[in-house]
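Raw contents of data.cif, mmCIF, C-alpha atoms:
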```
data_work
loop_
_atom_site.label_atom_id
_atom_site.label_comp_id
_atom_site.auth_asym_id
_atom_site.auth_seq_id
_atom_site.Cartn_x
_atom_site.Cartn_y
_atom_site.Cartn_z
CA MET V 1 48.08 93.23 99.19
CA ASP V 2 48.10 89.43 99.62
CA GLU V 3 47.72 86.98 96.75
CA THR V 4 44.02 86.36 97.40
CA ARG V 5 43.19 90.05 97.14
CA LEU V 6 45.39 90.50 94.08
CA LEU V 7 43.62 87.59 92.40
CA ALA V 8 40.22 89.06 93.19
CA ALA V 9 41.26 92.46 91.84
CA ALA V 10 42.73 90.89 88.70
CA ARG V 11 39.49 89.03 88.08
CA GLY V 12 37.75 92.38 88.30
CA GLY V 13 39.85 93.62 85.38
CA ASP V 14 42.72 95.27 87.30
CA ALA V 15 45.73 94.76 85.02
CA ASP V 16 48.11 96.23 87.60
CA ALA V 17 46.94 93.67 90.17
CA PHE V 18 47.49 90.90 87.62
CA GLY V 19 51.01 92.19 86.99
CA ARG V 20 51.75 92.14 90.72
CA LEU V 21 50.14 88.71 91.11
CA THR V 22 52.27 87.14 88.38
CA GLY V 23 55.37 89.27 88.93
CA ALA V 24 56.54 87.16 91.85
CA TYR V 25 56.74 84.13 89.53
CA ARG V 26 58.09 85.71 86.33
CA ALA V 27 61.78 84.91 86.93
CA GLU V 28 61.02 81.30 87.85
CA LEU V 29 58.67 80.90 84.89
CA LEU V 30 61.20 82.37 82.45
CA ALA V 31 63.95 80.05 83.72
CA HIS V 32 61.55 77.11 83.41
CA CYS V 33 60.72 78.01 79.81
CA TYR V 34 64.45 78.36 79.06
CA ARG V 35 65.19 74.91 80.44
CA MET V 36 62.35 73.46 78.40
CA LEU V 37 63.28 75.20 75.15
CA GLY V 38 67.04 75.86 75.34
CA SER V 39 66.55 79.35 73.91
CA VAL V 40 66.32 82.67 75.73
CA HIS V 41 64.28 84.25 72.95
CA ASP V 42 61.86 81.32 72.66
CA ALA V 43 61.52 81.33 76.46
CA GLU V 44 60.66 85.03 76.52
CA ASP V 45 58.05 84.52 73.79
CA ALA V 46 56.59 81.50 75.59
CA LEU V 47 56.36 83.42 78.86
CA GLN V 48 54.62 86.40 77.24
CA GLU V 49 52.12 84.14 75.50
CA SER V 50 51.54 82.24 78.75
CA LEU V 51 50.82 85.42 80.69
CA ILE V 52 48.38 86.56 78.01
CA ARG V 53 46.61 83.20 78.25
CA ALA V 54 46.57 83.46 82.04
CA TRP V 55 45.03 86.94 81.89
CA ARG V 56 42.36 85.76 79.47
CA GLY V 57 41.74 82.60 81.49
CA LEU V 58 41.39 84.16 84.93
CA GLY V 59 37.73 83.25 84.93
CA THR V 60 38.57 79.55 84.68
CA PHE V 61 40.92 79.59 87.68
CA THR V 62 38.82 78.89 90.73
CA ASP V 63 41.04 77.55 93.49
CA GLY V 64 44.47 76.18 94.28
CA SER V 65 48.02 77.43 93.78
CA VAL V 66 48.58 80.40 91.45
CA ARG V 67 52.17 79.21 91.01
CA ALA V 68 51.07 75.74 89.87
CA TRP V 69 48.43 77.24 87.58
CA LEU V 70 50.95 79.53 85.87
CA HIS V 71 53.44 76.70 85.48
CA ARG V 72 50.74 74.53 83.92
CA ILE V 73 50.04 77.19 81.30
CA ALA V 74 53.74 77.84 80.61
CA THR V 75 54.66 74.15 80.47
CA ASN V 76 51.92 73.34 77.99
CA ARG V 77 52.89 76.30 75.83
CA CYS V 78 56.48 75.01 75.80
CA LEU V 79 55.32 71.51 74.91
CA THR V 80 53.47 72.92 71.90
CA LEU V 81 56.64 74.70 70.75
CA ILE V 82 58.81 71.61 71.30
CA ALA V 83 56.50 69.57 69.06
CA ARG V 84 56.96 72.11 66.25
CA ARG V 85 60.68 72.87 66.43
CA ALA V 86 64.03 71.10 66.28
CA ARG V 87 65.71 70.51 69.60
CA ARG V 88 68.54 72.80 70.62
CA GLU V 89 72.06 71.39 70.31
CA LEU V 90 75.68 72.08 71.18
CA PRO V 91 78.32 71.05 68.60
CA ALA V 92 79.78 68.31 70.79
CA ASP V 93 76.31 66.71 71.14
CA LEU V 94 75.48 66.57 67.43
CA SER V 95 74.76 63.14 66.03
CA PRO V 96 77.19 62.09 63.27
CA GLY V 97 75.85 63.04 59.87
CA ALA V 98 73.14 65.31 61.27
CA PRO V 99 72.01 67.75 58.52
CA LEU V 100 73.26 71.15 59.66
CA SER V 101 70.42 72.94 57.89
CA GLU V 102 68.07 71.43 60.48
CA VAL V 103 70.18 72.20 63.55
CA ALA V 104 69.05 74.78 66.11
CA TRP V 105 71.70 75.88 68.59
CA LEU V 106 71.39 76.07 72.35
CA GLU V 107 71.59 79.65 73.62
CA PRO V 108 73.37 80.88 76.77
CA TRP V 109 71.29 82.04 79.72
CA PRO V 110 71.93 85.56 81.05
CA GLY V 111 69.54 85.26 83.99
CA ARG V 112 70.94 86.02 87.42
CA THR V 113 70.39 83.62 90.29
CA SER V 114 68.15 85.25 92.86
CA ALA V 115 69.16 85.93 96.44
CA GLN V 116 69.21 82.71 98.44
CA ARG V 117 69.11 81.94 102.14
CA SER V 118 72.07 79.59 101.92
CA ALA V 119 75.08 78.88 99.75
CA GLU V 120 73.71 75.36 99.22
CA ALA V 121 70.44 76.68 97.78
CA ALA V 122 72.36 79.01 95.45
CA ALA V 123 74.52 76.11 94.24
CA VAL V 124 71.42 74.02 93.48
CA GLN V 125 69.88 76.90 91.53
CA ARG V 126 73.09 77.35 89.49
CA GLU V 127 73.23 73.64 88.73
CA HIS V 128 69.77 73.75 87.22
CA VAL V 129 70.73 76.32 84.58
CA GLU V 130 74.23 75.06 83.79
CA LEU V 131 74.88 74.40 80.11
CA ALA V 132 75.54 70.69 80.61
CA PHE V 133 72.18 70.26 82.36
CA VAL V 134 70.16 72.28 79.85
CA ALA V 135 71.91 70.58 76.90
CA ALA V 136 71.13 67.15 78.34
CA LEU V 137 67.48 68.11 78.85
CA GLN V 138 67.10 68.75 75.12
CA HIS V 139 67.62 65.03 74.47
CA LEU V 140 64.53 64.12 76.49
CA SER V 141 61.09 64.01 74.94
CA GLY V 142 58.96 67.05 75.69
CA SER V 143 56.85 65.21 78.24
CA GLN V 144 59.86 63.71 80.02
CA ARG V 145 61.51 67.13 80.08
CA ALA V 146 58.40 68.62 81.67
CA VAL V 147 58.04 65.86 84.26
CA LEU V 148 61.66 66.05 85.35
CA LEU V 149 61.66 69.83 85.65
CA LEU V 150 58.34 70.04 87.45
CA ARG V 151 59.32 67.32 89.91
CA ASP V 152 63.08 67.60 90.43
CA VAL V 153 63.70 71.30 89.82
CA LEU V 154 60.46 73.06 90.78
CA GLY V 155 59.49 70.65 93.53
CA PHE V 156 55.89 69.87 92.56
CA THR V 157 54.45 66.61 93.83
CA ALA V 158 53.63 63.74 91.49
CA ALA V 159 49.94 64.53 91.88
CA GLU V 160 50.45 68.23 91.13
CA THR V 161 52.57 67.36 88.10
CA ALA V 162 49.97 64.94 86.81
CA ASP V 163 47.31 67.64 87.16
CA GLN V 164 49.45 70.17 85.30
CA LEU V 165 50.11 67.79 82.42
CA GLY V 166 46.66 66.21 82.28
CA THR V 167 47.96 62.71 82.96
CA THR V 168 48.18 60.15 85.77
CA VAL V 169 50.51 59.86 88.74
CA ALA V 170 51.68 56.48 87.40
CA ALA V 171 52.59 58.08 84.05
CA VAL V 172 54.44 60.88 85.84
CA ASN V 173 56.47 58.44 87.94
CA SER V 174 57.30 56.30 84.93
CA GLY V 175 58.32 59.32 82.84
CA LEU V 176 60.45 60.68 85.67
CA GLN V 177 62.31 57.38 86.02
CA ARG V 178 63.11 57.28 82.30
CA ALA V 179 64.08 60.95 82.23
CA ARG V 180 66.49 60.56 85.16
CA ALA V 181 68.12 57.54 83.50
CA THR V 182 68.62 59.39 80.19
CA LEU V 183 69.96 62.47 81.96
CA ALA V 184 72.44 60.39 83.96
CA ARG V 185 73.87 58.97 80.72
CA ARG V 186 74.19 62.31 78.94
CA ARG V 187 75.51 64.62 81.64
CA PRO V 188 79.25 64.81 82.38
CA THR V 189 80.35 62.71 85.32
CA PRO V 190 79.97 64.90 88.43
CA ALA V 191 83.29 66.20 89.70
CA ARG V 192 84.38 68.04 92.77
CA ARG V 193 83.01 71.56 92.54
CA PRO V 194 85.70 74.23 92.69
CA SER V 195 85.71 76.82 95.44
CA ASP V 196 84.94 80.44 94.62
CA ASP V 197 88.62 81.27 95.20
CA MET V 198 89.69 78.57 92.73
CA ILE V 199 87.23 79.85 90.11
CA LYS V 200 88.54 83.39 90.59
CA THR V 201 92.15 82.25 90.25
CA LEU V 202 91.51 80.08 87.18
CA THR V 203 89.47 82.68 85.32
CA HIS V 204 92.00 85.42 86.07
CA ARG V 205 94.84 83.25 84.73
CA TYR V 206 92.78 82.23 81.70
CA ALA V 207 92.03 85.81 80.70
CA ALA V 208 95.66 86.86 81.30
CA ALA V 209 96.88 84.02 79.08
CA TRP V 210 94.60 85.14 76.24
CA HIS V 211 95.67 88.76 76.66
CA ALA V 212 99.28 87.63 76.35
CA GLY V 213 98.57 85.29 73.43
CA ASP V 214 100.28 82.51 75.40
CA VAL V 215 98.95 79.21 74.05
CA ASP V 216 100.92 77.09 76.52
CA ALA V 217 99.46 79.02 79.45
CA ILE V 218 95.94 78.62 78.05
CA VAL V 219 96.31 74.89 77.46
CA ALA V 220 97.87 74.31 80.87
CA LEU V 221 94.60 75.41 82.46
CA LEU V 222 92.55 72.85 80.51
CA ALA V 223 91.67 69.34 81.58
CA GLU V 224 93.31 66.62 79.50
CA ASP V 225 89.96 65.75 77.90
CA ALA V 226 88.62 69.32 77.68
CA THR V 227 86.31 70.30 74.83
CA TYR V 228 86.16 73.58 72.88
CA SER V 229 83.28 74.56 70.61
CA MET V 230 81.94 77.67 68.87
CA PRO V 231 78.27 77.52 67.93
CA PRO V 232 76.95 78.20 65.32
CA LEU V 233 80.08 76.60 63.82
CA PRO V 234 79.62 72.81 63.95
CA GLN V 235 83.31 72.00 64.47
CA TRP V 236 84.50 71.22 67.96
CA PHE V 237 87.79 70.10 69.44
CA SER V 238 88.62 67.62 72.17
CA GLY V 239 91.80 67.26 74.20
CA ARG V 240 94.66 69.63 74.92
CA THR V 241 96.68 68.72 71.83
CA ARG V 242 93.90 69.33 69.33
CA ILE V 243 92.71 72.51 71.08
CA ARG V 244 96.29 73.83 71.08
CA GLU V 245 96.60 73.20 67.35
CA PHE V 246 93.33 74.99 66.65
CA LEU V 247 94.21 78.01 68.79
CA LEU V 248 97.53 78.45 66.99
CA GLU V 249 95.94 77.99 63.56
CA ARG V 250 93.25 80.65 63.99
CA PRO V 251 92.34 82.55 67.16
CA LEU V 252 95.82 83.34 68.43
CA LEU V 253 96.76 84.99 65.14
CA HIS V 254 94.83 87.97 66.59
CA ARG V 255 94.87 90.15 69.70
CA TRP V 256 92.20 89.56 72.33
CA HIS V 257 90.72 91.16 75.39
CA PHE V 258 88.32 89.41 77.76
CA LEU V 259 85.75 91.03 80.05
CA PRO V 260 84.31 88.90 82.88
CA ALA V 261 80.63 87.92 82.83
CA ARG V 262 78.26 85.20 84.03
CA ALA V 263 76.11 82.86 81.95
CA ASN V 264 74.13 79.78 82.98
CA GLY V 265 75.39 80.28 86.52
CA GLN V 266 78.93 79.69 85.24
CA PRO V 267 81.98 81.92 84.79
CA ALA V 268 82.06 83.49 81.35
CA PHE V 269 83.89 86.13 79.33
CA GLY V 270 82.87 88.60 76.70
CA THR V 271 85.62 88.22 74.08
CA TYR V 272 86.84 91.13 71.96
CA LEU V 273 89.08 91.31 68.88
CA TRP V 274 91.36 94.28 68.22
CA ASP V 275 90.43 96.25 65.09
CA ASP V 276 93.58 98.00 63.84
CA ALA V 277 91.75 100.27 61.41
CA ARG V 278 89.33 101.60 64.02
CA GLU V 279 91.63 101.18 67.02
CA ARG V 280 88.80 99.56 68.95
CA TRP V 281 88.12 96.26 70.66
CA THR V 282 85.07 94.72 68.91
CA TRP V 283 82.68 92.03 70.12
CA ALA V 284 83.55 88.49 69.06
CA GLY V 285 81.39 86.28 71.31
CA LEU V 286 80.70 84.94 74.76
CA ASP V 287 82.90 82.18 76.20
CA VAL V 288 81.20 80.07 78.88
CA LEU V 289 83.52 77.94 81.01
CA ARG V 290 82.77 74.71 82.85
CA ILE V 291 85.26 74.25 85.66
CA GLU V 292 85.78 70.92 87.38
CA GLY V 293 88.15 70.61 90.29
CA GLU V 294 91.11 72.82 89.41
CA GLN V 295 90.83 72.72 85.61
CA ILE V 296 88.65 74.03 82.80
CA ALA V 297 86.70 71.08 81.42
CA GLU V 298 84.81 72.86 78.65
CA VAL V 299 84.71 76.14 76.76
CA VAL V 300 81.66 76.99 74.67
CA SER V 301 82.16 80.16 72.67
CA PHE V 302 78.78 81.50 71.57
CA LEU V 303 79.70 83.60 68.55
CA LEU V 304 76.23 85.10 68.10
CA ALA V 305 75.42 85.91 71.73
CA PRO V 306 74.23 89.54 72.06
CA PRO V 307 76.61 91.40 74.42
CA GLY V 308 73.89 93.62 75.87
CA ASP V 309 72.09 90.60 77.33
CA PHE V 310 75.14 90.01 79.53
CA GLY V 311 75.77 93.61 80.50
CA LEU V 312 78.68 93.96 78.08
CA PRO V 313 79.51 96.64 75.48
CA ASP V 314 79.54 96.10 71.71
CA GLU V 315 83.00 97.66 71.55
CA PHE V 316 85.37 99.89 73.48
CA GLY V 317 88.70 101.67 73.23
CA THR V 318 90.72 101.37 76.42
CA PRO V 319 89.63 98.23 78.28
CA PRO V 320 87.51 99.01 81.36
CA GLY V 321 89.58 99.08 84.51
CA LEU V 322 92.82 100.03 82.73
#
```
Turn this file's structure into structure tokens for me.
Amino acid sequence: MDETRLLAAARGGDADAFGRLTGAYRAELLAHCYRMLGSVHDAEDALQESLIRAWRGLGTFTDGSVRAWLHRIATNRCLTLIARRARRELPADLSPGAPLSEVAWLEPWPGRTSAQRSAEAAAVQREHVELAFVAALQHLSGSQRAVLLLRDVLGFTAAETADQLGTTVAAVNSGLQRARATLARRRPTPARRPSDDMIKTLTHRYAAAWHAGDVDAIVALLAEDATYSMPPLPQWFSGRTRIREFLLERPLLHRWHFLPARANGQPAFGTYLWDDARERWTWAGLDVLRIEGEQIAEVVSFLLAPPGDFGLPDEFGTPPGL
């Protein structure tokens, strides 16, 4: 059934038709809410509330793009939440002296990139959920965030964006210009993207180095100015020397096993600590790696990330594959 017929059936009270009508846009809408809010759980709540509002407001939708209509509802719901809540942060982005009691932490994104017609399209989609991009977005005002995402990520025209936000084309263009300028200042300097083979080699060596407890091998894979953080802990470390000191002081006093994963379109690992008493590997967090060129530029270890969201176990005995 085409979209026109689904819409007509949904207006007649057919909930299944509404589900099919909106189902084609759910993944895109959820990713949009995540970019706006920096939280998987807030994004899921915002999407559910948006779909409820869409169902109740079917009678007010008369013509035009269903996709644009749904994004208008979701964007405005996100803007309401942004006005009420603290922005999401990563430790390295915290302002000096920021009261930690008021800090909300950015969450990793488990969503899979959908099938694409070209490798270039897949790379663009990954870029728009990468941690550095989503973290930088959180430093824009809500309206600037919305304008940039609707225009530069989702591809709506200035006129469509103005209609969605209830503003003017001039205001959209002005907000987009300011948002792009702020984003350019906050995002890491673009570097040569590594090949898939390089990513595979680096991540394999990184996991092997942790399994062996070899601090020199770990540090050798890092960029000279690499950063290492562990939200919700506010401390973070910059540079090979300081990261090496930290690893020797705390993490490498224990045994580790890493299981490969993906988060934010980036290579990641589920990290597990050995429990002597139970003789089990137990969940410790999710490490998300940013790779630039042939080195690891950043490691963000999300200590509270739920393993199930990333297809990983809470614990295990013999590591899978061994």
Which residues are close to Pro306 in chain V, i.e. within 8 Å by all atoms listed in the file, leaving aside same-chain residues fewer than 3 positions away? Reply as a PDB file with C-alpha atoms, in the coordinates of the input.
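The result, written out as part-v6.pdb:
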```
ATOM      1  CA  GLY V 285      81.390  86.280  71.310  1.00  0.00           C
ATOM      2  CA  ASP V 309      72.090  90.600  77.330  1.00  0.00           C
ATOM      3  CA  PHE V 310      75.140  90.010  79.530  1.00  0.00           C
TER       4      PHE V 310
END
```
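Shortest atom-to-atom contact with Arg193 in chain V among V:Thr318, V:Gln266, V:Ser65, V:Thr60: V:Gln266, counting all atoms listed in the file.
Picture a line from CA of Leu154 in chain V to CA of Ala86 in chain V; it runs 24.8 Å.
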Residues matched by the PyMOL selection byres ((chain V and resi 41-54) around 9) as number ranges by chain: V: 22, 26, 29-40, 55-58, 61, 69-71, 73-78, 81, 107
Output file for the residues above (C-alpha atoms, as a PDB file, in the coordinates of the input):
```pdb
ATOM      1  CA  THR V  22      52.270  87.140  88.380  1.00  0.00           C
ATOM      2  CA  ARG V  26      58.090  85.710  86.330  1.00  0.00           C
ATOM      3  CA  LEU V  29      58.670  80.900  84.890  1.00  0.00           C
ATOM      4  CA  LEU V  30      61.200  82.370  82.450  1.00  0.00           C
ATOM      5  CA  ALA V  31      63.950  80.050  83.720  1.00  0.00           C
ATOM      6  CA  HIS V  32      61.550  77.110  83.410  1.00  0.00           C
ATOM      7  CA  CYS V  33      60.720  78.010  79.810  1.00  0.00           C
ATOM      8  CA  TYR V  34      64.450  78.360  79.060  1.00  0.00           C
ATOM      9  CA  ARG V  35      65.190  74.910  80.440  1.00  0.00           C
ATOM     10  CA  MET V  36      62.350  73.460  78.400  1.00  0.00           C
ATOM     11  CA  LEU V  37      63.280  75.200  75.150  1.00  0.00           C
ATOM     12  CA  GLY V  38      67.040  75.860  75.340  1.00  0.00           C
ATOM     13  CA  SER V  39      66.550  79.350  73.910  1.00  0.00           C
ATOM     14  CA  VAL V  40      66.320  82.670  75.730  1.00  0.00           C
ATOM     15  CA  TRP V  55      45.030  86.940  81.890  1.00  0.00           C
ATOM     16  CA  ARG V  56      42.360  85.760  79.470  1.00  0.00           C
ATOM     17  CA  GLY V  57      41.740  82.600  81.490  1.00  0.00           C
ATOM     18  CA  LEU V  58      41.390  84.160  84.930  1.00  0.00           C
ATOM     19  CA  PHE V  61      40.920  79.590  87.680  1.00  0.00           C
ATOM     20  CA  TRP V  69      48.430  77.240  87.580  1.00  0.00           C
ATOM     21  CA  LEU V  70      50.950  79.530  85.870  1.00  0.00           C
ATOM     22  CA  HIS V  71      53.440  76.700  85.480  1.00  0.00           C
ATOM     23  CA  ILE V  73      50.040  77.190  81.300  1.00  0.00           C
ATOM     24  CA  ALA V  74      53.740  77.840  80.610  1.00  0.00           C
ATOM     25  CA  THR V  75      54.660  74.150  80.470  1.00  0.00           C
ATOM     26  CA  ASN V  76      51.920  73.340  77.990  1.00  0.00           C
ATOM     27  CA  ARG V  77      52.890  76.300  75.830  1.00  0.00           C
ATOM     28  CA  CYS V  78      56.480  75.010  75.800  1.00  0.00           C
ATOM     29  CA  LEU V  81      56.640  74.700  70.750  1.00  0.00           C
ATOM     30  CA  GLU V 107      71.590  79.650  73.620  1.00  0.00           C
TER      31      GLU V 107
END
```
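Counting only C-alpha atoms, the residue from V:Met230, V:Val147, V:Ala8, V:Leu253 that sits nearest to Thr168 in chain V is V:Val147.
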Test item: the PyMOL selection byres ((chain V and resi 254-262) around 9) resolved as a PyMOL selection string: chain V and resi 109-112+203+207-208+210-213+250-253+263-275+281+286+288+310-312+319-320
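Between Glu292 in chain V and the candidates V:Gln177, V:Ser141, V:Gln235, V:Ser195, the tightest atom-to-atom separation, counting all atoms listed in the file, involves V:Ser195.
In this model, the gap between CA of Leu90 in chain V and CA of Gln138 in chain V comes to 10.0 Å.
Interatomic distance, CA of Ala27 in chain V against CA of Val66 in chain V: 14.7 Å.
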Go ahead and find all residues with at least one atom no further than 12 Å from (62.7, 55.8, 81.3) in the file's coordinates, using only C-alpha atoms; report them as a tab-separated table (two decimals) with C-alpha atoms, in the frame of the given file.
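The resulting part-v1.tsv:
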```
chain	number	residue	atom	x	y	z
V	140	LEU	CA	64.53	64.12	76.49
V	141	SER	CA	61.09	64.01	74.94
V	143	SER	CA	56.85	65.21	78.24
V	144	GLN	CA	59.86	63.71	80.02
V	145	ARG	CA	61.51	67.13	80.08
V	147	VAL	CA	58.04	65.86	84.26
V	148	LEU	CA	61.66	66.05	85.35
V	171	ALA	CA	52.59	58.08	84.05
V	172	VAL	CA	54.44	60.88	85.84
V	173	ASN	CA	56.47	58.44	87.94
V	174	SER	CA	57.30	56.30	84.93
V	175	GLY	CA	58.32	59.32	82.84
V	176	LEU	CA	60.45	60.68	85.67
V	177	GLN	CA	62.31	57.38	86.02
V	178	ARG	CA	63.11	57.28	82.30
V	179	ALA	CA	64.08	60.95	82.23
V	180	ARG	CA	66.49	60.56	85.16
V	181	ALA	CA	68.12	57.54	83.50
V	182	THR	CA	68.62	59.39	80.19
V	183	LEU	CA	69.96	62.47	81.96
V	184	ALA	CA	72.44	60.39	83.96
V	185	ARG	CA	73.87	58.97	80.72
```
Let me make sure I understand: among V:Pro232, V:Ile218, V:Gly64, V:Ser301, which one has the smallest atom-to-atom distance to Ser101 in chain V if we use all atoms listed in the file? V:Pro232
Please output range 20-28 of chain V, rebuilt to include all heavy atoms, as an mmCIF file, keeping the file's coordinate frame.
```
data_model
loop_
_atom_site.group_PDB
_atom_site.id
_atom_site.type_symbol
_atom_site.label_atom_id
_atom_site.label_comp_id
_atom_site.auth_asym_id
_atom_site.auth_seq_id
_atom_site.Cartn_x
_atom_site.Cartn_y
_atom_site.Cartn_z
ATOM 1 N N ARG V 20 51.148 92.393 89.408
ATOM 2 C CA ARG V 20 51.750 92.140 90.720
ATOM 3 C C ARG V 20 51.558 90.679 91.130
ATOM 4 O O ARG V 20 52.431 90.075 91.751
ATOM 5 C CB ARG V 20 51.135 93.078 91.754
ATOM 6 C CG ARG V 20 51.517 94.543 91.520
ATOM 7 C CD ARG V 20 50.645 95.479 92.340
ATOM 8 N NE ARG V 20 50.844 95.277 93.772
ATOM 9 C CZ ARG V 20 50.111 95.840 94.716
ATOM 10 N NH1 ARG V 20 49.091 96.627 94.359
ATOM 11 N NH2 ARG V 20 50.350 95.618 95.991
ATOM 12 N N LEU V 21 50.415 90.104 90.782
ATOM 13 C CA LEU V 21 50.140 88.710 91.110
ATOM 14 C C LEU V 21 51.120 87.771 90.420
ATOM 15 O O LEU V 21 51.645 86.833 91.035
ATOM 16 C CB LEU V 21 48.708 88.367 90.675
ATOM 17 C CG LEU V 21 48.254 86.914 90.854
ATOM 18 C CD1 LEU V 21 48.098 86.580 92.329
ATOM 19 C CD2 LEU V 21 46.930 86.681 90.106
ATOM 20 N N THR V 22 51.388 88.023 89.151
ATOM 21 C CA THR V 22 52.270 87.140 88.380
ATOM 22 C C THR V 22 53.740 87.529 88.478
ATOM 23 O O THR V 22 54.620 86.713 88.191
ATOM 24 C CB THR V 22 51.863 87.141 86.898
ATOM 25 O OG1 THR V 22 51.923 88.494 86.385
ATOM 26 C CG2 THR V 22 50.448 86.610 86.727
ATOM 27 N N GLY V 23 53.997 88.789 88.895
ATOM 28 C CA GLY V 23 55.370 89.270 88.930
ATOM 29 C C GLY V 23 56.277 88.456 89.820
ATOM 30 O O GLY V 23 57.472 88.282 89.529
ATOM 31 N N ALA V 24 55.732 87.933 90.912
ATOM 32 C CA ALA V 24 56.540 87.160 91.850
ATOM 33 C C ALA V 24 57.042 85.859 91.225
ATOM 34 O O ALA V 24 58.006 85.258 91.715
ATOM 35 C CB ALA V 24 55.721 86.845 93.103
ATOM 36 N N TYR V 25 56.391 85.417 90.142
ATOM 37 C CA TYR V 25 56.740 84.130 89.530
ATOM 38 C C TYR V 25 57.429 84.287 88.181
ATOM 39 O O TYR V 25 57.819 83.274 87.573
ATOM 40 C CB TYR V 25 55.467 83.290 89.352
ATOM 41 C CG TYR V 25 54.695 83.091 90.631
ATOM 42 C CD1 TYR V 25 53.459 83.712 90.830
ATOM 43 C CD2 TYR V 25 55.206 82.300 91.659
ATOM 44 C CE1 TYR V 25 52.745 83.531 92.011
ATOM 45 C CE2 TYR V 25 54.500 82.123 92.843
ATOM 46 C CZ TYR V 25 53.273 82.748 93.013
ATOM 47 O OH TYR V 25 52.583 82.569 94.191
ATOM 48 N N ARG V 26 57.579 85.510 87.695
ATOM 49 C CA ARG V 26 58.090 85.710 86.330
ATOM 50 C C ARG V 26 59.490 85.128 86.141
ATOM 51 O O ARG V 26 59.762 84.448 85.138
ATOM 52 C CB ARG V 26 58.098 87.199 85.962
ATOM 53 C CG ARG V 26 56.729 87.766 85.656
ATOM 54 C CD ARG V 26 56.846 89.229 85.233
ATOM 55 N NE ARG V 26 57.526 89.348 83.953
ATOM 56 C CZ ARG V 26 56.920 89.480 82.791
ATOM 57 N NH1 ARG V 26 55.594 89.516 82.741
ATOM 58 N NH2 ARG V 26 57.598 89.597 81.678
ATOM 59 N N ALA V 27 60.398 85.401 87.076
ATOM 60 C CA ALA V 27 61.780 84.910 86.930
ATOM 61 C C ALA V 27 61.815 83.389 86.903
ATOM 62 O O ALA V 27 62.510 82.775 86.079
ATOM 63 C CB ALA V 27 62.653 85.457 88.044
ATOM 64 N N GLU V 28 61.054 82.767 87.806
ATOM 65 C CA GLU V 28 61.020 81.300 87.850
ATOM 66 C C GLU V 28 60.391 80.735 86.581
ATOM 67 O O GLU V 28 60.873 79.735 86.030
ATOM 68 C CB GLU V 28 60.220 80.854 89.074
ATOM 69 C CG GLU V 28 60.172 79.339 89.252
ATOM 70 C CD GLU V 28 59.377 78.937 90.471
ATOM 71 O OE1 GLU V 28 58.126 78.907 90.377
ATOM 72 O OE2 GLU V 28 60.003 78.657 91.520
#
```
